[in-house]
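Asker: Here's a structure for you.
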Amino acid sequence: MTKKHIALVCGGDSSEYEVSLKSAENIYKCIDQERYSPWMIRMRFTDWVVINDDNVLATVDKSNFSFTINGEKIKPEFAIIMIHGTPGEDGVLQGYFDLQKIPYSASGVYASALTFHKFYCDNFLRAFDIKMAKSMYFRKEDKIVPDRIVEALGLPLFVKPSAGGSSFGVTKVKSKDQILDAVEAAFNESGDCLCEEFIDGLELAVGACEIDHEILPFLPTEVIPGGEFFDFNSKYTIGGATEITPARIPALQIEQCQKLAVKIYKLTGCKGIARIDFILKENEFFFLEINTIPGMTETSFIPQQLDAMGLRLSDIISKIIETGLHK
């Protein structure tokens, strides 16, 4: 049987570049190499190369997403997108693969663009009565008046980029005089930002994936940050946060959380593995965000959740590939 060529695309143009490489390394080990020939393709701005460890094997022809190895021209038949941030999580790369007629592992153009932009996603989901924190939206050209923000949202509050991930540019603001610096940090990551009400509760992360035309919710992870909130260090430093899977909440609340995650997955049109984050406060779930290319590093939630369910990430990856190849 001829093996299908699979592109594992990583890197990207955002601050999440290094995290993406680590996620891709973990996924690479999960690809069944008896059935598929995986190729690691690293993208950084206009530099698209095939790599093996740190060695560059070939340059990717962007006109048709092909490359030549030992005189053989190879065009992958499926792409696993492991780019956190742009261009892998915002729909840009999905549009490129759609033009090339190459199926891929993640949500499509529309779902990716919607979910990547927190302000647009929040307002879309509000129309379906999804509970979430109050927020205010700003562009770089807007005048920021801290007094008005505090009056509307109270303290503490969060300032975060409207488009971004891994908590880059996110600040927990405790006093009015911190707001302008926090907004500037958010604008370093995105052209717009959100000031968001702080909800004091239990943070939960729930993975989900469509398998055999059914959306399978994973077991929720309870997150106890090591610092003020679940920032970059908490996410990607071993021991940076306490993560408990399954979450220590009643079985009924686990079921409610999973049902809400599936509802949001459906509403936003997700495909592949996604992760939906919530805050549980006084028996109500408040939506935080959705990640359509969630982290897959050794400290990430999704591998933990699958392990707790007795499932193997390698089996899920094989199922996603086969579904994409036989659409």
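How things are named: the first chain in the structure tokens is A, the next is B, and so on; residues count from 1 in each chain; ligands count from 1 in the order shown.
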Could you name the residues that touch A:Gln258 at 8 Å or less, counting only C-alpha atoms, but leaving out those on the same chain fewer than 6 positions away, as a PyMOL selection string?

Answerer: chain A and resi 206+217-220

Asker: Enumerate as a VMD selection string all residues of stretch 168-270 of chain A assigned to alpha helix (DSSP H) by DSSP on the backbone, naming them with the chain letters and numbers the document uses.

Answerer: chain A and resid 179 to 187 232 to 236 251 to 268

Asker: Need to verify the contact set: A:Leu260, 10 Å, only C-alpha atoms, exclusion of same-chain residues closer than 2 positions in sequence. Can you return it as a list in words?

Answerer: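 Listed by chain and then number, they are Ile130, Val206, Pro217, Ile254, Glu255, Gln256, Cys257, Gln258, Val262, Lys263, Ile264, Tyr265, Lys266, Ile276, Phe278, Phe285 and Phe287 of chain A.
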
Asker: Of the candidates A:Val145, A:Met40, A:Met136, A:Val19, which one gets nearest to A:Ile80 if we count only C-alpha atoms?

Answerer: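 So, comparing all the options, the nearest one is A:Met40.
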
Asker: Please provide as a list in words all residues within 12 Å of stretch 45-48 of chain A, with the sequence filter that same-chain residues fewer than 6 positions apart are discarded (counting only C-alpha atoms).

Answerer: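 That gives Ala7, Val9, Cys10, Gly11, Gly12, Asp13, Ser14, Tyr17, Val56, Leu57, Ala58, Thr59, Val60, Asp61, Lys62, Ser63, Phe65, Ser66, Phe67, Thr86, Pro87, Gly88 and Leu93 of chain A.
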
Asker: List the neighbours of A:Lys327 out to 12 Å using only C-alpha atoms; skip same-chain residues closer than 2 positions along the sequence, and give me the result as a list in words.

Answerer: Phe78, Lys101, Ile102, Pro103, Tyr104, Asp212, His213, Ile320, Ile321, Glu322, Thr323, Gly324 and Leu325 of chain A

Asker: So that I can see what lies close to A:Val92, please list as JSON, numbers by chain the residues with an atom at most 12 Å from it, counting only C-alpha atoms and leaving out residues fewer than 3 positions away in the same chain.

Answerer: {"A": [12, 13, 81, 83, 85, 86, 87, 88, 89, 95, 96, 97, 98, 99, 107, 108, 109, 110, 111, 112, 113, 114, 116]}

Asker: Taking the DSSP assignment computed from this structure's backbone, write out as a ChimeraX atom specification all residues of stretch 142-254 of chain A that belong to strand (DSSP E or B).

Answerer: /A:157-161,163,171-173,192-197,202-211,214-217,221-225,241-244

Asker: Could you list, as a list in words, every residue within 10 Å of A:Leu180, counting only C-alpha atoms and ignoring same-chain residues fewer than 4 positions away?

Answerer: Ile144, Val145, Pro146, Val159, Val173, Lys176, Glu184, Ala185 and Ala186 of chain A

Asker: Print the selection's residues with N, CA and C atoms to a file, as a compact mmCIF listing (two decimals), in the first residue's frame.

Answerer:
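Written file, selection.txt:
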# COMPACT_ATOMS: atom_id res chain seq x y z
N ILE A 144 -8.71 56.06 24.92
CA ILE A 144 -8.91 55.20 26.08
C ILE A 144 -9.09 56.08 27.32
N VAL A 145 -10.23 55.94 27.97
CA VAL A 145 -10.53 56.71 29.18
C VAL A 145 -10.66 55.73 30.34
N PRO A 146 -9.62 55.57 31.14
CA PRO A 146 -9.64 54.57 32.22
C PRO A 146 -10.83 54.70 33.17
N VAL A 159 -7.36 42.99 30.44
CA VAL A 159 -7.15 43.61 29.13
C VAL A 159 -6.47 42.57 28.27
N VAL A 173 -5.59 43.67 35.42
CA VAL A 173 -5.43 45.04 35.90
C VAL A 173 -6.12 45.18 37.26
N LYS A 176 -6.64 51.51 38.33
CA LYS A 176 -6.95 52.33 37.15
C LYS A 176 -5.70 52.78 36.42
N GLU A 184 -1.66 49.06 25.85
CA GLU A 184 -0.52 49.11 24.93
C GLU A 184 0.07 47.72 24.71
N ALA A 185 0.15 46.94 25.79
CA ALA A 185 0.67 45.57 25.67
C ALA A 185 -0.24 44.73 24.78
N ALA A 186 -1.55 44.93 24.90
CA ALA A 186 -2.50 44.18 24.06
C ALA A 186 -2.36 44.59 22.60

Asker: Separation of atom CA of A:Gln253 and atom CA of A:Leu204, in Å?

Answerer: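 Going from atom CA of A:Gln253 over to atom CA of A:Leu204, I get 11.2 Å.
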
Asker: Interatomic distance between atom CA of A:Met43 and atom CA of A:Thr292?

Answerer: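 Distance between the two atoms: 18.3 Å.
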
Asker: Could you state the separation of atom CA of A:Arg139 and atom CA of A:Ala127 in Å, given to one decimal place?

Answerer: 22.7 Å

Asker: When distances are computed from only C-alpha atoms, which of A:Ala208, A:Ala79, A:Ile224, A:Val150 shows the smallest separation from A:Trp39?

Answerer: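 Result for the nearest residue to A:Trp39: A:Ala79.
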
Asker: My list of candidates is A:Glu196, A:Asp129, A:Asp307, A:Asp54. Which is closest to A:Thr171 when distances are computed with only C-alpha atoms?

Answerer: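 Using only C-alpha atoms, A:Thr171 sits closest to A:Glu196.
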
Asker: Calculated over only C-alpha atoms, which of the candidates A:Phe128, A:Phe187, A:Phe168, A:Tyr120 has the smallest distance to A:Glu141?

Answerer: A:Phe187
